[in-house]
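What follows is the content of upload_27.txt (compact mmCIF, N, CA and C atoms and all ligand atoms).
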```
# COMPACT_ATOMS: atom_id res chain seq x y z
N MET A 1 -37.92 -62.99 18.63
CA MET A 1 -37.88 -62.50 17.26
C MET A 1 -36.77 -61.47 17.08
N SER A 2 -36.10 -61.56 15.98
CA SER A 2 -35.05 -60.60 15.69
C SER A 2 -35.67 -59.26 15.27
N PRO A 3 -35.10 -58.18 15.76
CA PRO A 3 -35.62 -56.87 15.36
C PRO A 3 -35.19 -56.50 13.93
N ARG A 4 -34.30 -57.30 13.35
CA ARG A 4 -33.76 -56.99 12.02
C ARG A 4 -34.86 -57.04 10.97
N ARG A 5 -34.84 -56.07 10.10
CA ARG A 5 -35.81 -56.08 9.01
C ARG A 5 -35.48 -57.21 8.04
N ARG A 6 -36.49 -57.70 7.39
CA ARG A 6 -36.26 -58.74 6.38
C ARG A 6 -35.89 -58.09 5.06
N ILE A 7 -34.94 -58.70 4.38
CA ILE A 7 -34.54 -58.19 3.07
C ILE A 7 -35.50 -58.78 2.04
N SER A 8 -36.02 -57.95 1.18
CA SER A 8 -37.06 -58.40 0.26
C SER A 8 -36.54 -59.49 -0.67
N ALA A 9 -37.47 -60.30 -1.15
CA ALA A 9 -37.12 -61.40 -2.05
C ALA A 9 -36.44 -60.86 -3.32
N ASP A 10 -36.90 -59.72 -3.80
CA ASP A 10 -36.29 -59.12 -5.00
C ASP A 10 -34.83 -58.77 -4.76
N VAL A 11 -34.55 -58.15 -3.63
CA VAL A 11 -33.17 -57.78 -3.32
C VAL A 11 -32.32 -59.03 -3.14
N GLN A 12 -32.86 -60.03 -2.48
CA GLN A 12 -32.10 -61.28 -2.30
C GLN A 12 -31.76 -61.91 -3.65
N ARG A 13 -32.70 -61.85 -4.59
CA ARG A 13 -32.44 -62.38 -5.94
C ARG A 13 -31.30 -61.63 -6.61
N LEU A 14 -31.32 -60.31 -6.47
CA LEU A 14 -30.26 -59.49 -7.07
C LEU A 14 -28.89 -59.82 -6.47
N VAL A 15 -28.86 -60.01 -5.16
CA VAL A 15 -27.60 -60.35 -4.48
C VAL A 15 -27.08 -61.69 -5.00
N ARG A 16 -27.98 -62.67 -5.12
CA ARG A 16 -27.58 -64.02 -5.61
C ARG A 16 -27.04 -63.94 -7.04
N ARG A 17 -27.73 -63.19 -7.88
CA ARG A 17 -27.32 -63.10 -9.28
C ARG A 17 -25.97 -62.40 -9.39
N ARG A 18 -25.81 -61.31 -8.67
CA ARG A 18 -24.55 -60.56 -8.70
C ARG A 18 -23.38 -61.44 -8.27
N ALA A 19 -23.62 -62.34 -7.31
CA ALA A 19 -22.56 -63.20 -6.78
C ALA A 19 -22.37 -64.46 -7.63
N SER A 20 -23.12 -64.59 -8.70
CA SER A 20 -23.12 -65.84 -9.48
C SER A 20 -23.32 -67.05 -8.57
N GLN A 21 -24.11 -66.84 -7.53
CA GLN A 21 -24.46 -67.90 -6.56
C GLN A 21 -23.26 -68.46 -5.82
N LEU A 22 -22.17 -67.68 -5.76
CA LEU A 22 -21.01 -68.10 -4.96
C LEU A 22 -21.05 -67.38 -3.62
N CYS A 23 -20.65 -68.09 -2.56
CA CYS A 23 -20.36 -67.38 -1.31
C CYS A 23 -19.25 -66.40 -1.67
N GLU A 24 -19.43 -65.12 -1.37
CA GLU A 24 -18.47 -64.12 -1.83
C GLU A 24 -17.18 -64.12 -1.03
N TYR A 25 -17.11 -64.98 0.00
CA TYR A 25 -15.89 -65.13 0.78
C TYR A 25 -15.15 -66.41 0.39
N CYS A 26 -15.77 -67.57 0.60
CA CYS A 26 -15.06 -68.84 0.35
C CYS A 26 -15.26 -69.38 -1.06
N HIS A 27 -16.13 -68.72 -1.85
CA HIS A 27 -16.40 -69.12 -3.24
C HIS A 27 -16.96 -70.54 -3.37
N THR A 28 -17.65 -71.00 -2.36
CA THR A 28 -18.45 -72.23 -2.50
C THR A 28 -19.70 -71.86 -3.28
N SER A 29 -20.13 -72.75 -4.18
CA SER A 29 -21.33 -72.48 -4.96
C SER A 29 -22.57 -72.91 -4.20
N GLU A 30 -23.54 -72.01 -4.16
CA GLU A 30 -24.81 -72.33 -3.52
C GLU A 30 -25.60 -73.34 -4.34
N ARG A 31 -25.28 -73.43 -5.62
CA ARG A 31 -26.11 -74.22 -6.53
C ARG A 31 -26.23 -75.68 -6.11
N TRP A 32 -25.16 -76.21 -5.54
CA TRP A 32 -25.16 -77.65 -5.23
C TRP A 32 -25.40 -77.90 -3.75
N GLN A 33 -25.77 -76.87 -3.02
CA GLN A 33 -25.94 -77.04 -1.57
C GLN A 33 -27.38 -77.34 -1.21
N TYR A 34 -27.52 -78.05 -0.14
CA TYR A 34 -28.84 -78.43 0.35
C TYR A 34 -29.58 -77.22 0.93
N VAL A 35 -28.82 -76.33 1.58
CA VAL A 35 -29.45 -75.14 2.17
C VAL A 35 -29.04 -73.90 1.41
N ARG A 36 -29.89 -72.90 1.40
CA ARG A 36 -29.59 -71.64 0.73
C ARG A 36 -28.58 -70.86 1.57
N PHE A 37 -27.79 -70.05 0.87
CA PHE A 37 -26.85 -69.20 1.56
C PHE A 37 -27.57 -68.01 2.18
N THR A 38 -26.84 -67.26 2.97
CA THR A 38 -27.42 -66.14 3.70
C THR A 38 -27.05 -64.82 3.02
N ILE A 39 -27.78 -63.79 3.36
CA ILE A 39 -27.44 -62.45 2.88
C ILE A 39 -26.64 -61.78 4.00
N ASP A 40 -25.38 -61.49 3.70
CA ASP A 40 -24.47 -60.90 4.68
C ASP A 40 -24.49 -59.39 4.56
N HIS A 41 -24.47 -58.72 5.71
CA HIS A 41 -24.25 -57.28 5.72
C HIS A 41 -22.74 -57.06 5.79
N VAL A 42 -22.14 -56.52 4.72
CA VAL A 42 -20.68 -56.35 4.67
C VAL A 42 -20.24 -55.49 5.85
N ILE A 43 -20.82 -54.31 5.98
CA ILE A 43 -20.71 -53.55 7.24
C ILE A 43 -21.86 -54.06 8.10
N PRO A 44 -21.52 -54.67 9.23
CA PRO A 44 -22.59 -55.31 10.01
C PRO A 44 -23.70 -54.34 10.38
N PHE A 45 -24.89 -54.90 10.41
CA PHE A 45 -26.07 -54.12 10.79
C PHE A 45 -25.85 -53.43 12.13
N THR A 46 -25.19 -54.16 13.05
CA THR A 46 -24.98 -53.62 14.39
C THR A 46 -23.94 -52.50 14.41
N ARG A 47 -23.28 -52.28 13.28
CA ARG A 47 -22.29 -51.19 13.20
C ARG A 47 -22.72 -50.13 12.22
N GLY A 48 -24.00 -50.10 11.98
CA GLY A 48 -24.54 -49.03 11.14
C GLY A 48 -24.66 -49.39 9.68
N GLY A 49 -24.35 -50.63 9.32
CA GLY A 49 -24.51 -51.05 7.93
C GLY A 49 -25.98 -51.06 7.55
N THR A 50 -26.25 -50.82 6.29
CA THR A 50 -27.63 -50.73 5.83
C THR A 50 -28.03 -51.98 5.06
N ASP A 51 -29.30 -52.01 4.66
CA ASP A 51 -29.82 -53.08 3.82
C ASP A 51 -29.67 -52.74 2.34
N ASP A 52 -28.89 -51.72 2.01
CA ASP A 52 -28.69 -51.36 0.61
C ASP A 52 -27.89 -52.43 -0.10
N LEU A 53 -28.15 -52.56 -1.41
CA LEU A 53 -27.45 -53.57 -2.21
C LEU A 53 -25.94 -53.44 -2.09
N ASP A 54 -25.43 -52.23 -1.99
CA ASP A 54 -23.98 -52.06 -1.94
C ASP A 54 -23.40 -52.38 -0.55
N ASN A 55 -24.25 -52.82 0.36
CA ASN A 55 -23.74 -53.32 1.64
C ASN A 55 -24.09 -54.80 1.84
N LEU A 56 -24.57 -55.45 0.80
CA LEU A 56 -25.00 -56.84 0.94
C LEU A 56 -24.10 -57.76 0.13
N ALA A 57 -23.94 -58.97 0.62
CA ALA A 57 -23.16 -59.98 -0.09
C ALA A 57 -23.78 -61.34 0.18
N LEU A 58 -23.59 -62.25 -0.76
CA LEU A 58 -24.02 -63.63 -0.54
C LEU A 58 -22.94 -64.34 0.26
N ALA A 59 -23.33 -65.00 1.32
CA ALA A 59 -22.35 -65.70 2.17
C ALA A 59 -22.94 -67.02 2.63
N CYS A 60 -22.11 -68.06 2.62
CA CYS A 60 -22.56 -69.33 3.16
C CYS A 60 -22.74 -69.16 4.67
N PHE A 61 -23.46 -70.08 5.25
CA PHE A 61 -23.77 -70.00 6.66
C PHE A 61 -22.50 -69.90 7.51
N HIS A 62 -21.49 -70.72 7.15
CA HIS A 62 -20.27 -70.75 7.97
C HIS A 62 -19.50 -69.45 7.89
N CYS A 63 -19.32 -68.92 6.69
CA CYS A 63 -18.60 -67.64 6.57
C CYS A 63 -19.35 -66.53 7.30
N ASN A 64 -20.66 -66.51 7.14
CA ASN A 64 -21.45 -65.47 7.79
C ASN A 64 -21.32 -65.57 9.30
N ARG A 65 -21.40 -66.77 9.83
CA ARG A 65 -21.32 -66.95 11.28
C ARG A 65 -19.93 -66.58 11.80
N ARG A 66 -18.89 -66.96 11.07
CA ARG A 66 -17.54 -66.65 11.54
C ARG A 66 -17.26 -65.17 11.44
N LYS A 67 -17.78 -64.53 10.41
CA LYS A 67 -17.56 -63.10 10.24
C LYS A 67 -18.27 -62.33 11.35
N ALA A 68 -19.48 -62.77 11.71
CA ALA A 68 -20.26 -62.14 12.77
C ALA A 68 -20.29 -60.63 12.57
N ASN A 69 -19.90 -59.86 13.59
CA ASN A 69 -19.95 -58.40 13.40
C ASN A 69 -18.55 -57.80 13.25
N ARG A 70 -17.62 -58.61 12.74
CA ARG A 70 -16.25 -58.14 12.60
C ARG A 70 -16.05 -57.33 11.32
N LEU A 71 -15.11 -56.42 11.39
CA LEU A 71 -14.67 -55.68 10.20
C LEU A 71 -13.18 -55.89 9.97
N THR A 72 -12.48 -56.35 10.99
CA THR A 72 -11.03 -56.52 10.91
C THR A 72 -10.63 -57.87 11.48
N ALA A 73 -9.40 -58.26 11.17
CA ALA A 73 -8.82 -59.48 11.73
C ALA A 73 -7.30 -59.33 11.64
N VAL A 74 -6.60 -60.28 12.24
CA VAL A 74 -5.14 -60.19 12.29
C VAL A 74 -4.52 -60.97 11.14
N ASP A 75 -3.60 -60.33 10.44
CA ASP A 75 -2.82 -61.01 9.40
C ASP A 75 -1.85 -61.96 10.09
N PRO A 76 -1.97 -63.27 9.87
CA PRO A 76 -1.11 -64.22 10.59
C PRO A 76 0.38 -64.04 10.26
N ASP A 77 0.70 -63.45 9.13
CA ASP A 77 2.11 -63.28 8.76
C ASP A 77 2.78 -62.13 9.50
N THR A 78 2.03 -61.07 9.77
CA THR A 78 2.63 -59.88 10.37
C THR A 78 2.14 -59.61 11.78
N GLY A 79 1.02 -60.24 12.17
CA GLY A 79 0.43 -59.96 13.48
C GLY A 79 -0.29 -58.64 13.53
N GLU A 80 -0.42 -57.98 12.39
CA GLU A 80 -1.08 -56.67 12.36
C GLU A 80 -2.55 -56.81 12.01
N GLU A 81 -3.34 -55.96 12.64
CA GLU A 81 -4.76 -55.95 12.37
C GLU A 81 -5.01 -55.30 11.01
N THR A 82 -5.91 -55.91 10.24
CA THR A 82 -6.21 -55.39 8.91
C THR A 82 -7.69 -55.58 8.64
N THR A 83 -8.19 -54.93 7.62
CA THR A 83 -9.62 -55.07 7.31
C THR A 83 -9.89 -56.43 6.72
N LEU A 84 -11.06 -56.97 7.01
CA LEU A 84 -11.50 -58.21 6.38
C LEU A 84 -11.83 -57.92 4.91
N PHE A 85 -11.79 -58.97 4.10
CA PHE A 85 -12.18 -58.85 2.70
C PHE A 85 -13.59 -58.26 2.60
N ASN A 86 -13.73 -57.27 1.75
CA ASN A 86 -15.02 -56.61 1.53
C ASN A 86 -15.42 -56.85 0.08
N PRO A 87 -16.37 -57.76 -0.14
CA PRO A 87 -16.70 -58.13 -1.51
C PRO A 87 -17.28 -56.99 -2.35
N ARG A 88 -17.72 -55.93 -1.74
CA ARG A 88 -18.23 -54.79 -2.50
C ARG A 88 -17.11 -53.84 -2.93
N ARG A 89 -15.98 -53.91 -2.23
CA ARG A 89 -14.88 -52.98 -2.50
C ARG A 89 -13.68 -53.71 -3.10
N ASP A 90 -13.49 -54.95 -2.73
CA ASP A 90 -12.28 -55.69 -3.08
C ASP A 90 -12.57 -56.77 -4.13
N ALA A 91 -11.60 -57.02 -5.01
CA ALA A 91 -11.73 -58.08 -6.01
C ALA A 91 -11.15 -59.37 -5.45
N TRP A 92 -11.92 -60.45 -5.54
CA TRP A 92 -11.51 -61.74 -4.95
C TRP A 92 -10.14 -62.16 -5.47
N ASN A 93 -9.95 -62.04 -6.79
CA ASN A 93 -8.69 -62.51 -7.39
C ASN A 93 -7.46 -61.67 -7.00
N GLU A 94 -7.68 -60.49 -6.47
CA GLU A 94 -6.54 -59.69 -6.00
C GLU A 94 -6.10 -60.09 -4.60
N HIS A 95 -6.99 -60.76 -3.88
CA HIS A 95 -6.68 -61.10 -2.49
C HIS A 95 -6.51 -62.59 -2.23
N PHE A 96 -7.02 -63.41 -3.18
CA PHE A 96 -6.98 -64.86 -2.97
C PHE A 96 -6.58 -65.57 -4.25
N VAL A 97 -6.01 -66.75 -4.08
CA VAL A 97 -5.73 -67.64 -5.20
C VAL A 97 -5.95 -69.06 -4.69
N TRP A 98 -6.36 -69.95 -5.59
CA TRP A 98 -6.48 -71.36 -5.19
C TRP A 98 -5.10 -72.00 -5.19
N SER A 99 -4.88 -72.87 -4.24
CA SER A 99 -3.63 -73.63 -4.22
C SER A 99 -3.55 -74.48 -5.48
N ALA A 100 -2.35 -74.93 -5.82
CA ALA A 100 -2.14 -75.64 -7.09
C ALA A 100 -3.07 -76.85 -7.22
N ASP A 101 -3.40 -77.51 -6.11
CA ASP A 101 -4.32 -78.65 -6.19
C ASP A 101 -5.78 -78.20 -6.22
N GLY A 102 -6.01 -76.90 -6.15
CA GLY A 102 -7.36 -76.36 -6.27
C GLY A 102 -8.20 -76.46 -5.01
N LEU A 103 -7.64 -76.94 -3.93
CA LEU A 103 -8.47 -77.23 -2.76
C LEU A 103 -8.41 -76.16 -1.66
N GLY A 104 -7.29 -75.44 -1.60
CA GLY A 104 -7.13 -74.47 -0.52
C GLY A 104 -7.16 -73.04 -1.04
N VAL A 105 -7.73 -72.13 -0.24
CA VAL A 105 -7.67 -70.71 -0.56
C VAL A 105 -6.41 -70.15 0.09
N ILE A 106 -5.59 -69.46 -0.70
CA ILE A 106 -4.38 -68.83 -0.18
C ILE A 106 -4.59 -67.31 -0.22
N GLY A 107 -4.30 -66.67 0.90
CA GLY A 107 -4.40 -65.21 0.94
C GLY A 107 -3.16 -64.59 0.32
N LEU A 108 -3.36 -63.64 -0.59
CA LEU A 108 -2.24 -63.01 -1.29
C LEU A 108 -1.82 -61.70 -0.64
N THR A 109 -2.67 -61.15 0.18
CA THR A 109 -2.46 -59.84 0.78
C THR A 109 -2.71 -59.96 2.28
N PRO A 110 -2.35 -58.94 3.07
CA PRO A 110 -2.71 -58.98 4.49
C PRO A 110 -4.20 -59.22 4.70
N CYS A 111 -5.02 -58.50 3.94
CA CYS A 111 -6.48 -58.66 4.02
C CYS A 111 -6.88 -60.09 3.66
N GLY A 112 -6.29 -60.63 2.60
CA GLY A 112 -6.61 -61.99 2.18
C GLY A 112 -6.22 -63.01 3.24
N ARG A 113 -5.01 -62.88 3.77
CA ARG A 113 -4.54 -63.84 4.79
C ARG A 113 -5.38 -63.77 6.06
N ALA A 114 -5.70 -62.55 6.48
CA ALA A 114 -6.52 -62.38 7.70
C ALA A 114 -7.90 -62.98 7.50
N THR A 115 -8.44 -62.83 6.30
CA THR A 115 -9.78 -63.35 6.02
C THR A 115 -9.77 -64.87 5.96
N VAL A 116 -8.74 -65.45 5.35
CA VAL A 116 -8.62 -66.92 5.31
C VAL A 116 -8.64 -67.47 6.73
N MET A 117 -7.88 -66.83 7.62
CA MET A 117 -7.80 -67.31 9.01
C MET A 117 -9.11 -67.09 9.75
N MET A 118 -9.61 -65.87 9.71
CA MET A 118 -10.78 -65.53 10.53
C MET A 118 -12.02 -66.30 10.10
N LEU A 119 -12.22 -66.44 8.80
CA LEU A 119 -13.42 -67.13 8.32
C LEU A 119 -13.17 -68.63 8.13
N ALA A 120 -11.96 -69.07 8.44
CA ALA A 120 -11.62 -70.50 8.30
C ALA A 120 -12.00 -71.00 6.91
N LEU A 121 -11.47 -70.32 5.90
CA LEU A 121 -11.85 -70.65 4.52
C LEU A 121 -11.35 -72.03 4.08
N ASN A 122 -10.45 -72.62 4.86
CA ASN A 122 -9.96 -73.95 4.52
C ASN A 122 -10.34 -74.98 5.59
N ARG A 123 -11.52 -74.81 6.15
CA ARG A 123 -11.98 -75.78 7.16
C ARG A 123 -12.15 -77.15 6.51
N GLU A 124 -12.06 -78.16 7.35
CA GLU A 124 -11.98 -79.54 6.85
C GLU A 124 -13.17 -79.92 5.96
N ARG A 125 -14.37 -79.62 6.42
CA ARG A 125 -15.57 -80.02 5.66
C ARG A 125 -15.57 -79.41 4.27
N ILE A 126 -15.17 -78.15 4.20
CA ILE A 126 -15.24 -77.47 2.92
C ILE A 126 -14.17 -78.01 1.97
N MET A 127 -13.04 -78.43 2.51
CA MET A 127 -12.00 -79.03 1.67
C MET A 127 -12.53 -80.33 1.05
N ASP A 128 -13.26 -81.10 1.82
CA ASP A 128 -13.85 -82.34 1.31
C ASP A 128 -14.84 -82.05 0.18
N ILE A 129 -15.65 -81.03 0.40
CA ILE A 129 -16.65 -80.66 -0.62
C ILE A 129 -15.95 -80.20 -1.89
N ARG A 130 -14.88 -79.40 -1.74
CA ARG A 130 -14.14 -78.93 -2.92
C ARG A 130 -13.54 -80.10 -3.69
N ALA A 131 -12.99 -81.06 -2.96
CA ALA A 131 -12.37 -82.22 -3.63
C ALA A 131 -13.41 -83.00 -4.42
N ALA A 132 -14.58 -83.18 -3.82
CA ALA A 132 -15.64 -83.92 -4.52
C ALA A 132 -16.14 -83.13 -5.72
N ASP A 133 -16.30 -81.82 -5.55
CA ASP A 133 -16.78 -80.98 -6.66
C ASP A 133 -15.75 -80.91 -7.78
N GLN A 134 -14.49 -80.91 -7.40
CA GLN A 134 -13.44 -80.83 -8.41
C GLN A 134 -13.46 -82.07 -9.32
N MET A 135 -13.74 -83.22 -8.74
CA MET A 135 -13.74 -84.46 -9.52
C MET A 135 -14.81 -84.46 -10.59
N ILE A 136 -15.89 -83.70 -10.37
CA ILE A 136 -16.95 -83.66 -11.37
C ILE A 136 -16.99 -82.30 -12.08
N GLY A 137 -15.86 -81.57 -11.99
CA GLY A 137 -15.71 -80.36 -12.79
C GLY A 137 -16.47 -79.14 -12.31
N ARG A 138 -16.88 -79.13 -11.05
CA ARG A 138 -17.62 -77.98 -10.52
C ARG A 138 -16.73 -77.02 -9.74
N HIS A 139 -15.47 -77.32 -9.64
CA HIS A 139 -14.58 -76.54 -8.80
C HIS A 139 -13.19 -76.57 -9.42
N PRO A 140 -12.39 -75.48 -9.37
CA PRO A 140 -12.74 -74.17 -8.80
C PRO A 140 -13.71 -73.40 -9.71
N PRO A 141 -14.34 -72.36 -9.17
CA PRO A 141 -15.27 -71.57 -9.97
C PRO A 141 -14.59 -70.96 -11.19
N VAL A 142 -15.35 -70.84 -12.27
CA VAL A 142 -14.85 -70.22 -13.49
C VAL A 142 -14.36 -68.79 -13.19
N GLY A 143 -13.19 -68.45 -13.67
CA GLY A 143 -12.68 -67.10 -13.49
C GLY A 143 -11.73 -66.95 -12.31
N ASP A 144 -11.70 -67.95 -11.43
CA ASP A 144 -10.78 -67.87 -10.30
C ASP A 144 -9.37 -68.28 -10.74
N GLN A 145 -8.37 -67.69 -10.12
CA GLN A 145 -6.99 -68.05 -10.42
C GLN A 145 -6.54 -69.25 -9.58
N VAL A 146 -5.72 -70.09 -10.19
CA VAL A 146 -5.13 -71.22 -9.48
C VAL A 146 -3.61 -71.05 -9.56
N GLN A 147 -2.93 -71.30 -8.44
CA GLN A 147 -1.48 -71.15 -8.41
C GLN A 147 -0.81 -72.09 -9.40
N ASP A 148 0.30 -71.63 -9.97
CA ASP A 148 1.05 -72.48 -10.90
C ASP A 148 1.67 -73.65 -10.18
ZN ZN B 201 -18.42 -69.16 2.53
```

As structure tokens, the full file:
Amino acid sequence: MSPRRRISADVQRLVRRRASQLCEYCHTSERWQYVRFTIDHVIPFTRGGTDDLDNLALACFHCNRRKANRLTAVDPDTGEETTLFNPRRDAWNEHFVWSADGLGVIGLTPCGRATVMMLALNRERIMDIRAADQMIGRHPPVGDQVQD
């Protein structure tokens, strides 16, 4: 059994609503998924992060697993270590944009690029899901920027 405390159903509901049911990293919608997304500790529990709402984010299973207990990653363009995207502090549209075909996430900043790489935001399976969702008008999410 995990020693981690369970996050109450009420708090989980608030996290989902605040995220508009999107994974706050890869922006996949939970609405059309077979399994529910996870509640991510932005500052990992193992690094002193709390169960407070301002430390929680909605994350799909894959993003949560890849993020693990990391806070930083390497920007592939510069080789420098930088902080991972923090959905409580950072605005998604300032760090990411959809590629012109709407299928790939492009990092706009060191933090964005490092997060795309570390969390594998353009993994093959997710690209397939985006393409299928796009054909029926479910992707990209409303409010996201797409490259010209
Ligand atoms: Zn995700």

With only N, CA and C atoms as the counted atoms, please give the residues lying no more than 8 Å from Ala120 (chain A), apart from itself and same-chain residues fewer than 3 positions off, as JSON, numbers by chain. {"A": [26, 62, 63, 66, 67, 114, 115, 116, 117, 123, 124]}

Taking N, CA and C atoms for each residue, export the selection above as a compact mmCIF listing (two decimals), in the coordinates of the input.
```
# COMPACT_ATOMS: atom_id res chain seq x y z
N CYS A 26 -15.77 -67.57 0.60
CA CYS A 26 -15.06 -68.84 0.35
C CYS A 26 -15.26 -69.38 -1.06
N HIS A 62 -21.49 -70.72 7.15
CA HIS A 62 -20.27 -70.75 7.97
C HIS A 62 -19.50 -69.45 7.89
N CYS A 63 -19.32 -68.92 6.69
CA CYS A 63 -18.60 -67.64 6.57
C CYS A 63 -19.35 -66.53 7.30
N ARG A 66 -18.89 -66.96 11.07
CA ARG A 66 -17.54 -66.65 11.54
C ARG A 66 -17.26 -65.17 11.44
N LYS A 67 -17.78 -64.53 10.41
CA LYS A 67 -17.56 -63.10 10.24
C LYS A 67 -18.27 -62.33 11.35
N ALA A 114 -5.70 -62.55 6.48
CA ALA A 114 -6.52 -62.38 7.70
C ALA A 114 -7.90 -62.98 7.50
N THR A 115 -8.44 -62.83 6.30
CA THR A 115 -9.78 -63.35 6.02
C THR A 115 -9.77 -64.87 5.96
N VAL A 116 -8.74 -65.45 5.35
CA VAL A 116 -8.62 -66.92 5.31
C VAL A 116 -8.64 -67.47 6.73
N MET A 117 -7.88 -66.83 7.62
CA MET A 117 -7.80 -67.31 9.01
C MET A 117 -9.11 -67.09 9.75
N ARG A 123 -11.52 -74.81 6.15
CA ARG A 123 -11.98 -75.78 7.16
C ARG A 123 -12.15 -77.15 6.51
N GLU A 124 -12.06 -78.16 7.35
CA GLU A 124 -11.98 -79.54 6.85
C GLU A 124 -13.17 -79.92 5.96
```

Would you list the residues that come within 12 Å of ligand ZN 201 (chain B)? Count only C-alpha atoms and all ligand atoms and give the answer as JSON, numbers by chain. {"A": [19, 21, 22, 23, 24, 25, 26, 27, 28, 29, 30, 33, 36, 37, 38, 39, 40, 57, 58, 59, 60, 61, 62, 63, 64, 65, 66, 67, 87, 105, 115, 116, 118, 119, 120, 121, 122, 123, 125, 126, 127, 130]}

Taking the DSSP assignment computed from this structure's backbone, write out as a VMD selection string all residues of chain A that belong to strand (DSSP E). chain A and resid 38 to 41 56 to 59 72 to 74 81 to 83 96 to 98 105 to 107

Could you please determine the separation between atom N of Thr78 (chain A) and atom N of Leu103 (chain A) in Å, to one decimal place? 23.1 Å

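Take atom N of Val142 (chain A) and atom C of Asp101 (chain A): the distance between them is 13.5 Å.
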
Env of Val97 (chain A): 6.5 Å cut, atoms = all atoms listed in the file, seq-sep filter 3 positions within chain, self excluded. Answer as JSON, numbers by chain. {"A": [92, 93, 104, 105, 106, 107, 108, 145, 146, 147]}

Please give the complete set of residues from region 13-146 of chain A that DSSP, run on the backbone, assigns to helix (DSSP H, G or I), formatted as a ChimeraX atom specification. /A:13-18,30-32,45-47,53-55,61-67,92-95,110-118,124-135

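In this structure, CA of Pro140 (chain A) sits 9.2 Å away from atom N of Ser99 (chain A).
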
May I have the centre and edge lengths, in Å to one decimal, of an axis-aligned box around the listed atoms of region 105-115 of chain A with 8 Å added to every side, as lines of an AutoDock Vina configuration file?
```
center_x = -5.8
center_y = -65.3
center_z = 3.2
size_x = 24.0
size_y = 29.6
size_z = 25.0
```

Could I get region 74-86 of chain A from the block written out with N, CA and C atoms, as a compact mmCIF listing (two decimals), in the first residue's frame?
```
# COMPACT_ATOMS: atom_id res chain seq x y z
N VAL A 74 16.31 18.94 -19.60
CA VAL A 74 17.28 19.63 -20.45
C VAL A 74 16.59 20.18 -21.69
N ASP A 75 16.83 21.45 -21.99
CA ASP A 75 16.35 22.05 -23.23
C ASP A 75 17.17 21.47 -24.38
N PRO A 76 16.54 20.75 -25.31
CA PRO A 76 17.31 20.10 -26.38
C PRO A 76 18.04 21.10 -27.28
N ASP A 77 17.60 22.34 -27.33
CA ASP A 77 18.25 23.33 -28.20
C ASP A 77 19.55 23.87 -27.60
N THR A 78 19.60 24.01 -26.29
CA THR A 78 20.76 24.63 -25.66
C THR A 78 21.57 23.66 -24.80
N GLY A 79 20.97 22.51 -24.45
CA GLY A 79 21.64 21.57 -23.56
C GLY A 79 21.63 22.02 -22.12
N GLU A 80 20.92 23.10 -21.83
CA GLU A 80 20.88 23.61 -20.46
C GLU A 80 19.68 23.07 -19.71
N GLU A 81 19.90 22.84 -18.43
CA GLU A 81 18.84 22.37 -17.58
C GLU A 81 17.88 23.52 -17.28
N THR A 82 16.59 23.23 -17.33
CA THR A 82 15.59 24.26 -17.08
C THR A 82 14.42 23.64 -16.34
N THR A 83 13.57 24.46 -15.78
CA THR A 83 12.42 23.92 -15.05
C THR A 83 11.41 23.34 -16.02
N LEU A 84 10.74 22.28 -15.58
CA LEU A 84 9.64 21.73 -16.37
C LEU A 84 8.46 22.70 -16.30
N PHE A 85 7.57 22.59 -17.28
CA PHE A 85 6.35 23.38 -17.29
C PHE A 85 5.59 23.15 -15.98
N ASN A 86 5.18 24.25 -15.38
CA ASN A 86 4.42 24.21 -14.12
C ASN A 86 3.05 24.80 -14.39
```
